[in-house]
Amino acid sequence: RFCSSRSKLDSIPLQSKERDRKNEKDTRSSKVGPIPLDLEIEILIRLPAKSLMKFQCVSKMWSSIIRSQRFVNSYYAMSSTMRSHRFIIAFSNGESAKREDKRLFIFSSSYEGEESSSSLVTNLDMTIPSVTVISFSTCASVHGLIGSTRSGPFVVCNPCTGKVTMLPCSGTHTSFGYDPVDDQFKALTQVSPYPYQEPNVLVHEVLTLGGGEPSWTRSKVTTPVYYTATRKLCINGFVYFGAWSPRNRIDPVIGCFDVRFERLSFIKAPMAVVCLEGDSILIEYKGKLAAIARHPYKPFHSFDLWILEDVKTHDWSKQTFKLPFSLGLGTNLTSPGINKAGEIIFAPKCLSRDVQPFYIFYHNVERNDIRKVTIKGIADDREFRRRYGLAGDCCVHISPDHVESIASI
């Protein structure tokens with residue numbers, strides 16, 4: 001009996017050992033192998049831009065992937081088609097602010113639920129010290145980057161990454177554009193001073209970055225004399241702006257800079273498109289250059305929409321729209337363009353001088369109705385205004401169709 005019982009007891013550890021070996025073997029066989037590289041890239045490309053900036057610290061491989069030009073291009077393409085575009089609002093704290101207080105504020109908001117909402121909530125993405133923009137300044141979104149200048153250095157920033165670059169431009173009147181064919185950013189700067197040193201020629205410098213080049217390259221462009229009159233606007237590889245050429249305030253034209261081939265040409269324009277100069281409104285309307293013409297000193301209850309139908313023949317069409325009620329605002333009114341629904345956006349050019357909500361209007365031209373949307377978080381807090389010294393006219397610049405990018409210059 002004793003031997004029999006002992007043999008049974010001795011058999012228990014042996015069975016346990018066999019079971020343990022089997023479990024260990026099963027565990028080894030069930031371990032997940034490394035994630036394929038292409039799957040990692042597919043996961044990364046779907047993450048928010050700000051998360052990607054942090055994940056560059058995870059490993060050298062991830063940093064290399066995220067910073068590669070191929071990944072940057074793929075991320076932008078994904079943002080263009082699958083992500084909600086952003087509504088960008090930029091403003092500075094006024095020319096009358098103290099020198100040490102001057103800065104540019106960039107807010108953004110998502111369009112999610114915007115069509116049925118009476119308000120949008122914004123986030124402060126970044127601030128840039130020592131940068132001031134006014135009504136005539138350019139501050140617009142171009143292929144995921146924000147370009148801003150009044151004079152002197154041209155500032156380019158990316159609200160998603162928080163990176164800022166001062167372009168080495170040597171003159172005023174800088175235009176910032178993107179060439180989608182060769183994947184290049186270019187800045188066109190007029191370097192001929194006023195009065196012109198050469199009476200029949202204007203000299204420009206073009207700075208180029210992209211297409212695999214590691215640094216800026218420079219080239220020269222000369223044109224007949226012209227006088228810049230409006231802000232610049234980049235559409236599908238061309239930068240447009242209102243101007244007078246050759247005679248100031250007599251011959252209205254639209255300057256057209258071909259970013260890829262670095263050519264500046266002029267398109268004859270109706271007088272109404274250019275005559276208000278700094279108060280003229282150029283927008284992108286369904287992929288074409290358009291202008292909103294109105295009387296700036298009368299109640300705003302109607303406007304003309306001029307659309308450039310053919311660049312080669314200089315053919316323009318005109319549509320007149322009457323609003324269901326006047327928006328008021330007088331000269332403190334502009335339009336940054338349209339939204340995805342085709343509604344024309346109207347907004348104040350400057351913040352109110354006291355603490356009030358900032359708002360915009362959407363005009364549906366087919367139904368001829370208007371809705372008002374309050375933009376929450378845009379200097380509608382007394383403490384914010386006090387902390388940053390907001391004073392005088394704080395001009396607002398809006399980019400209604402900003403696409404998230406992780407590109408940097």
# chains A, B, ... in the order shown; residues from 1 in each chain; ligands from 1

$ residues_around --residues "Lys312 of chain A" --least-positions-apart "6" --cutoff "12 Å" --atoms "only C-alpha atoms" --output "compact mmCIF listing (two decimals) with N, CA, C and O atoms, in the first residue's frame"
# COMPACT_ATOMS: atom_id res chain seq x y z
N CYS A 256 -1.21 87.92 -61.66
CA CYS A 256 -1.32 86.46 -61.61
C CYS A 256 0.08 85.85 -61.64
O CYS A 256 0.74 85.87 -62.69
N SER A 265 1.97 87.61 -64.72
CA SER A 265 1.22 88.22 -65.81
C SER A 265 0.07 89.04 -65.24
O SER A 265 -0.19 89.01 -64.03
N PHE A 266 -0.63 89.75 -66.13
CA PHE A 266 -1.70 90.63 -65.68
C PHE A 266 -2.98 90.35 -66.46
O PHE A 266 -2.95 90.15 -67.67
N ILE A 267 -4.09 90.33 -65.73
CA ILE A 267 -5.40 90.07 -66.31
C ILE A 267 -6.24 91.34 -66.17
O ILE A 267 -6.32 91.92 -65.08
N LYS A 268 -6.83 91.78 -67.26
CA LYS A 268 -7.67 92.97 -67.19
C LYS A 268 -8.85 92.69 -66.26
O LYS A 268 -9.47 91.63 -66.30

$ residues_around --residues "Lys232 of chain A" --least-positions-apart "6" --cutoff "8 Å" --atoms "only C-alpha atoms" --output "MDAnalysis selection string"
chainID A and resid 138 175 239:242

$ atom_distance --atom1 "atom CA of Thr374 of chain A" --atom2 "atom CA of Ile283 of chain A"
21.8 Å

$ select_by_dssp --residues "segment 249-386 of chain A" --states "strand (DSSP E or B)" --output "ChimeraX atom specification"
/A:252-258,263-268,281-285,288-293,302-310,315-322,334-338,344-347,350,358-364,369-376

$ residues_around --residues "Ile281 of chain A" --least-positions-apart "3" --cutoff "12 Å" --atoms "only C-alpha atoms" --output "PyMOL selection string"
chain A and resi 135-136+229-233+240-242+272-278+284-285+289-296+303-306+331+333-337+345-347+349

$ closest_residue --among "A:Ser119, A:Ser63, A:Pro36, A:Gly287" --to "Tyr359 of chain A" --atoms "only C-alpha atoms"
A:Ser119

$ select_by_dssp --residues "segment 247-400 of chain A" --states "helix (DSSP H, G or I)" --output "MDAnalysis selection string"
chainID A and resid 271:274 277:279 382:388

$ write_last_selection --atoms "all heavy atoms" --output "compact mmCIF listing (two decimals), in the first residue's frame"
# COMPACT_ATOMS: atom_id res chain seq x y z
N MET A 271 -13.27 97.71 -63.07
CA MET A 271 -12.87 98.74 -62.12
C MET A 271 -13.40 98.43 -60.72
O MET A 271 -12.72 98.66 -59.72
CB MET A 271 -13.38 100.10 -62.59
CG MET A 271 -13.03 101.26 -61.67
SD MET A 271 -11.25 101.56 -61.49
CE MET A 271 -10.90 102.30 -63.10
N ALA A 272 -14.62 97.86 -60.63
CA ALA A 272 -15.22 97.59 -59.33
C ALA A 272 -14.44 96.56 -58.52
O ALA A 272 -14.54 96.53 -57.29
CB ALA A 272 -16.65 97.09 -59.53
N VAL A 273 -13.64 95.73 -59.18
CA VAL A 273 -12.89 94.68 -58.49
C VAL A 273 -11.70 95.25 -57.73
O VAL A 273 -11.31 94.74 -56.68
CB VAL A 273 -12.43 93.61 -59.50
CG1 VAL A 273 -11.45 92.63 -58.87
CG2 VAL A 273 -13.64 92.87 -60.06
N VAL A 274 -11.11 96.33 -58.24
CA VAL A 274 -9.85 96.86 -57.69
C VAL A 274 -10.01 98.22 -57.03
O VAL A 274 -9.22 98.59 -56.16
CB VAL A 274 -8.78 96.94 -58.81
CG1 VAL A 274 -7.45 97.47 -58.28
CG2 VAL A 274 -8.56 95.57 -59.44
N GLU A 277 -9.24 99.13 -53.41
CA GLU A 277 -7.89 98.79 -52.98
C GLU A 277 -7.89 97.97 -51.69
O GLU A 277 -8.31 96.83 -51.70
CB GLU A 277 -7.04 100.07 -52.86
CG GLU A 277 -6.88 100.79 -54.19
CD GLU A 277 -5.83 101.87 -54.16
OE1 GLU A 277 -5.45 102.32 -53.08
OE2 GLU A 277 -5.36 102.25 -55.26
N GLY A 278 -7.45 98.52 -50.58
CA GLY A 278 -7.36 97.76 -49.34
C GLY A 278 -8.69 97.20 -48.86
O GLY A 278 -8.73 96.21 -48.14
N ASP A 279 -9.80 97.84 -49.27
CA ASP A 279 -11.12 97.34 -48.92
C ASP A 279 -11.72 96.43 -49.98
O ASP A 279 -12.84 95.95 -49.83
CB ASP A 279 -12.08 98.52 -48.67
CG ASP A 279 -11.76 99.26 -47.38
OD1 ASP A 279 -11.43 98.58 -46.39
OD2 ASP A 279 -11.80 100.50 -47.37
N ARG A 382 -12.33 89.44 -20.68
CA ARG A 382 -11.66 90.66 -20.22
C ARG A 382 -10.23 90.40 -19.76
O ARG A 382 -9.32 91.19 -20.02
CB ARG A 382 -12.48 91.30 -19.09
CG ARG A 382 -12.08 92.74 -18.78
CD ARG A 382 -12.99 93.33 -17.72
NE ARG A 382 -14.38 93.28 -18.13
CZ ARG A 382 -14.94 94.19 -18.94
NH1 ARG A 382 -14.22 95.19 -19.40
NH2 ARG A 382 -16.22 94.07 -19.27
N GLU A 383 -10.02 89.28 -19.10
CA GLU A 383 -8.68 88.95 -18.61
C GLU A 383 -7.72 88.71 -19.77
O GLU A 383 -6.55 89.11 -19.71
CB GLU A 383 -8.76 87.71 -17.71
CG GLU A 383 -7.41 87.18 -17.24
CD GLU A 383 -6.60 88.20 -16.44
OE1 GLU A 383 -7.21 89.13 -15.87
OE2 GLU A 383 -5.36 88.07 -16.41
N PHE A 384 -8.19 88.06 -20.83
CA PHE A 384 -7.35 87.81 -22.01
C PHE A 384 -6.91 89.15 -22.61
O PHE A 384 -5.74 89.33 -22.96
CB PHE A 384 -8.13 87.00 -23.04
CG PHE A 384 -7.36 86.69 -24.30
CD1 PHE A 384 -6.60 85.54 -24.42
CD2 PHE A 384 -7.38 87.57 -25.38
CE1 PHE A 384 -5.90 85.25 -25.58
CE2 PHE A 384 -6.67 87.30 -26.55
CZ PHE A 384 -5.93 86.13 -26.64
N ARG A 385 -7.83 90.07 -22.76
CA ARG A 385 -7.50 91.37 -23.35
C ARG A 385 -6.51 92.14 -22.47
O ARG A 385 -5.60 92.79 -22.96
CB ARG A 385 -8.78 92.19 -23.55
CG ARG A 385 -9.67 91.66 -24.68
CD ARG A 385 -10.93 92.50 -24.83
NE ARG A 385 -11.72 92.06 -25.98
CZ ARG A 385 -11.92 92.79 -27.07
NH1 ARG A 385 -11.36 93.98 -27.16
NH2 ARG A 385 -12.66 92.34 -28.07
N ARG A 386 -6.70 92.05 -21.18
CA ARG A 386 -5.81 92.77 -20.28
C ARG A 386 -4.41 92.16 -20.29
O ARG A 386 -3.40 92.87 -20.35
CB ARG A 386 -6.37 92.74 -18.85
CG ARG A 386 -5.57 93.57 -17.84
CD ARG A 386 -5.87 93.17 -16.42
NE ARG A 386 -5.50 91.79 -16.17
CZ ARG A 386 -4.24 91.40 -15.93
NH1 ARG A 386 -3.25 92.27 -15.95
NH2 ARG A 386 -3.98 90.12 -15.70
N ARG A 387 -4.33 90.83 -20.26
CA ARG A 387 -3.05 90.14 -20.19
C ARG A 387 -2.19 90.42 -21.41
O ARG A 387 -0.98 90.61 -21.31
CB ARG A 387 -3.28 88.63 -20.06
CG ARG A 387 -2.00 87.82 -19.88
CD ARG A 387 -2.27 86.34 -20.03
NE ARG A 387 -3.47 85.96 -19.29
CZ ARG A 387 -4.25 84.95 -19.63
NH1 ARG A 387 -3.97 84.24 -20.71
NH2 ARG A 387 -5.31 84.65 -18.92
N TYR A 388 -2.82 90.46 -22.61
CA TYR A 388 -2.05 90.63 -23.83
C TYR A 388 -2.10 92.05 -24.39
O TYR A 388 -1.58 92.29 -25.47
CB TYR A 388 -2.54 89.64 -24.89
CG TYR A 388 -2.22 88.21 -24.54
CD1 TYR A 388 -3.22 87.33 -24.17
CD2 TYR A 388 -0.89 87.74 -24.57
CE1 TYR A 388 -2.93 86.00 -23.85
CE2 TYR A 388 -0.60 86.43 -24.24
CZ TYR A 388 -1.62 85.56 -23.89
OH TYR A 388 -1.32 84.27 -23.57

$ closest_residue --among "A:Leu120, A:Leu145, A:Leu188, A:Ala140" --to "Val221 of chain A" --atoms "only C-alpha atoms"
A:Leu188

$ residues_around --residues "segment 39-52 of chain A" --least-positions-apart "2" --cutoff "9 Å" --atoms "only C-alpha atoms" --output "mmCIF file with C-alpha atoms, in the first residue's frame"
data_model
loop_
_atom_site.group_PDB
_atom_site.id
_atom_site.type_symbol
_atom_site.label_atom_id
_atom_site.label_comp_id
_atom_site.auth_asym_id
_atom_site.auth_seq_id
_atom_site.Cartn_x
_atom_site.Cartn_y
_atom_site.Cartn_z
ATOM 1 C CA ILE A 35 3.970 45.003 -36.231
ATOM 2 C CA PRO A 36 4.814 45.333 -39.932
ATOM 3 C CA LEU A 37 6.319 48.694 -40.859
ATOM 4 C CA LYS A 54 5.200 64.079 -29.494
ATOM 5 C CA PHE A 55 5.626 60.589 -30.945
ATOM 6 C CA GLN A 56 8.806 61.636 -32.729
ATOM 7 C CA TRP A 62 9.311 56.896 -35.817
ATOM 8 C CA SER A 63 11.034 60.253 -35.953
ATOM 9 C CA ILE A 65 9.097 58.235 -40.660
ATOM 10 C CA ILE A 66 7.174 61.276 -39.430
ATOM 11 C CA PHE A 71 4.891 60.824 -44.976
ATOM 12 C CA VAL A 72 4.281 64.609 -44.868
ATOM 13 C CA SER A 74 0.558 61.441 -47.441
ATOM 14 C CA TYR A 75 -0.602 63.074 -44.214
ATOM 15 C CA MET A 78 -5.338 62.220 -45.832
ATOM 16 C CA SER A 79 -6.265 65.527 -44.153
ATOM 17 C CA CYS A 160 -0.370 72.045 -35.934
ATOM 18 C CA THR A 161 3.334 71.752 -35.171
ATOM 19 C CA GLY A 162 3.859 75.171 -33.578
ATOM 20 C CA GLU A 404 -3.948 70.197 -41.262
ATOM 21 C CA SER A 405 -0.330 69.537 -42.216
ATOM 22 C CA ILE A 406 2.882 68.504 -40.481
#

$ residues_around --residues "Asp258 of chain A" --least-positions-apart "2" --cutoff "10 Å" --atoms "only C-alpha atoms" --output "ChimeraX atom specification"
/A:177-179,234,236-240,255-256,260-265

$ write_last_selection --atoms "N, CA and C atoms" --output "PDB file, in the first residue's frame"
ATOM      1  N   GLY A 177       3.029  81.247 -52.116  1.00  0.00           N
ATOM      2  CA  GLY A 177       2.242  80.295 -52.880  1.00  0.00           C
ATOM      3  C   GLY A 177       2.827  78.901 -52.835  1.00  0.00           C
ATOM      4  N   TYR A 178       2.046  77.960 -53.359  1.00  0.00           N
ATOM      5  CA  TYR A 178       2.467  76.552 -53.375  1.00  0.00           C
ATOM      6  C   TYR A 178       2.230  75.970 -54.757  1.00  0.00           C
ATOM      7  N   ASP A 179       3.233  75.245 -55.243  1.00  0.00           N
ATOM      8  CA  ASP A 179       3.149  74.572 -56.533  1.00  0.00           C
ATOM      9  C   ASP A 179       2.845  73.096 -56.287  1.00  0.00           C
ATOM     10  N   CYS A 234      -3.875  82.670 -52.918  1.00  0.00           N
ATOM     11  CA  CYS A 234      -3.318  81.538 -53.669  1.00  0.00           C
ATOM     12  C   CYS A 234      -4.416  80.530 -53.980  1.00  0.00           C
ATOM     13  N   ASN A 236      -4.850  77.028 -56.414  1.00  0.00           N
ATOM     14  CA  ASN A 236      -4.407  75.997 -57.371  1.00  0.00           C
ATOM     15  C   ASN A 236      -3.095  76.340 -58.082  1.00  0.00           C
ATOM     16  N   GLY A 237      -2.099  76.770 -57.333  1.00  0.00           N
ATOM     17  CA  GLY A 237      -0.784  77.023 -57.914  1.00  0.00           C
ATOM     18  C   GLY A 237      -0.604  78.404 -58.508  1.00  0.00           C
ATOM     19  N   PHE A 238      -1.564  79.307 -58.311  1.00  0.00           N
ATOM     20  CA  PHE A 238      -1.453  80.683 -58.797  1.00  0.00           C
ATOM     21  C   PHE A 238      -1.753  81.644 -57.651  1.00  0.00           C
ATOM     22  N   VAL A 239      -0.982  82.726 -57.582  1.00  0.00           N
ATOM     23  CA  VAL A 239      -1.218  83.766 -56.585  1.00  0.00           C
ATOM     24  C   VAL A 239      -1.815  84.972 -57.303  1.00  0.00           C
ATOM     25  N   TYR A 240      -2.978  85.420 -56.822  1.00  0.00           N
ATOM     26  CA  TYR A 240      -3.678  86.546 -57.441  1.00  0.00           C
ATOM     27  C   TYR A 240      -3.683  87.742 -56.497  1.00  0.00           C
ATOM     28  N   GLY A 255      -2.989  90.844 -60.842  1.00  0.00           N
ATOM     29  CA  GLY A 255      -1.686  90.202 -60.981  1.00  0.00           C
ATOM     30  C   GLY A 255      -1.843  88.708 -60.789  1.00  0.00           C
ATOM     31  N   CYS A 256      -1.212  87.919 -61.661  1.00  0.00           N
ATOM     32  CA  CYS A 256      -1.323  86.456 -61.609  1.00  0.00           C
ATOM     33  C   CYS A 256       0.082  85.855 -61.643  1.00  0.00           C
ATOM     34  N   ARG A 260       4.650  77.696 -60.317  1.00  0.00           N
ATOM     35  CA  ARG A 260       5.527  76.672 -60.866  1.00  0.00           C
ATOM     36  C   ARG A 260       6.546  77.262 -61.839  1.00  0.00           C
ATOM     37  N   PHE A 261       6.081  78.069 -62.785  1.00  0.00           N
ATOM     38  CA  PHE A 261       6.967  78.583 -63.828  1.00  0.00           C
ATOM     39  C   PHE A 261       7.524  79.972 -63.509  1.00  0.00           C
ATOM     40  N   GLU A 262       7.150  80.511 -62.337  1.00  0.00           N
ATOM     41  CA  GLU A 262       7.689  81.792 -61.850  1.00  0.00           C
ATOM     42  C   GLU A 262       7.484  82.911 -62.878  1.00  0.00           C
ATOM     43  N   ARG A 263       6.252  83.005 -63.354  1.00  0.00           N
ATOM     44  CA  ARG A 263       5.893  84.065 -64.295  1.00  0.00           C
ATOM     45  C   ARG A 263       4.784  84.914 -63.698  1.00  0.00           C
ATOM     46  N   LEU A 264       4.928  86.226 -63.824  1.00  0.00           N
ATOM     47  CA  LEU A 264       3.910  87.161 -63.344  1.00  0.00           C
ATOM     48  C   LEU A 264       3.268  87.842 -64.547  1.00  0.00           C
ATOM     49  N   SER A 265       1.966  87.614 -64.717  1.00  0.00           N
ATOM     50  CA  SER A 265       1.221  88.220 -65.814  1.00  0.00           C
ATOM     51  C   SER A 265       0.070  89.041 -65.242  1.00  0.00           C
TER      52      SER A 265
END

$ closest_residue --among "A:Thr189, A:Gln184, A:Thr217, A:Thr165" --to "Gly147 of chain A" --atoms "only C-alpha atoms"
A:Thr165

$ residues_around --residues "Ser109 of chain A" --least-positions-apart "4" --cutoff "6 Å" --atoms "only C-alpha atoms" --output "ChimeraX atom specification"
/A:86-87,122

$ residues_around --residues "Phe325 of chain A" --least-positions-apart "3" --cutoff "10 Å" --atoms "only C-alpha atoms" --output "PyMOL selection string"
chain A and resi 299-302+322+328+369-370

$ write_last_selection --atoms "N, CA, C and O atoms" --output "CSV table (one decimal), in the first residue's frame"
chain,number,residue,atom,x,y,z
A,299,PRO,N,-25.3,101.1,-46.2
A,299,PRO,CA,-25.7,99.8,-45.5
A,299,PRO,C,-25.5,98.7,-46.5
A,299,PRO,O,-25.9,98.7,-47.6
A,300,PHE,N,-25.0,97.6,-45.9
A,300,PHE,CA,-24.7,96.4,-46.8
A,300,PHE,C,-25.9,95.5,-46.9
A,300,PHE,O,-26.2,94.7,-46.1
A,301,HIS,N,-26.7,95.7,-48.0
A,301,HIS,CA,-27.8,94.9,-48.2
A,301,HIS,C,-27.8,94.3,-49.6
A,301,HIS,O,-28.8,93.6,-50.0
A,302,SER,N,-26.8,94.5,-50.4
A,302,SER,CA,-26.6,93.9,-51.7
A,302,SER,C,-25.1,94.0,-52.1
A,302,SER,O,-24.4,94.8,-51.6
A,322,LYS,N,-29.1,90.3,-53.5
A,322,LYS,CA,-29.7,91.1,-52.5
A,322,LYS,C,-29.9,90.3,-51.2
A,322,LYS,O,-30.4,89.2,-51.2
A,328,GLY,N,-25.1,95.7,-42.0
A,328,GLY,CA,-24.5,96.9,-41.3
A,328,GLY,C,-22.9,96.8,-41.4
A,328,GLY,O,-22.4,96.4,-42.4
A,369,ASP,N,-30.8,83.3,-47.7
A,369,ASP,CA,-31.0,83.5,-46.2
A,369,ASP,C,-29.6,83.7,-45.6
A,369,ASP,O,-28.6,83.4,-46.2
A,370,ILE,N,-29.7,84.2,-44.4
A,370,ILE,CA,-28.4,84.5,-43.7
A,370,ILE,C,-28.5,83.9,-42.3
A,370,ILE,O,-29.6,84.0,-41.6

$ closest_residue --among "A:Tyr297, A:Ala269, A:Ile146, A:Leu351" --to "Ser245 of chain A" --atoms "only C-alpha atoms"
A:Ala269
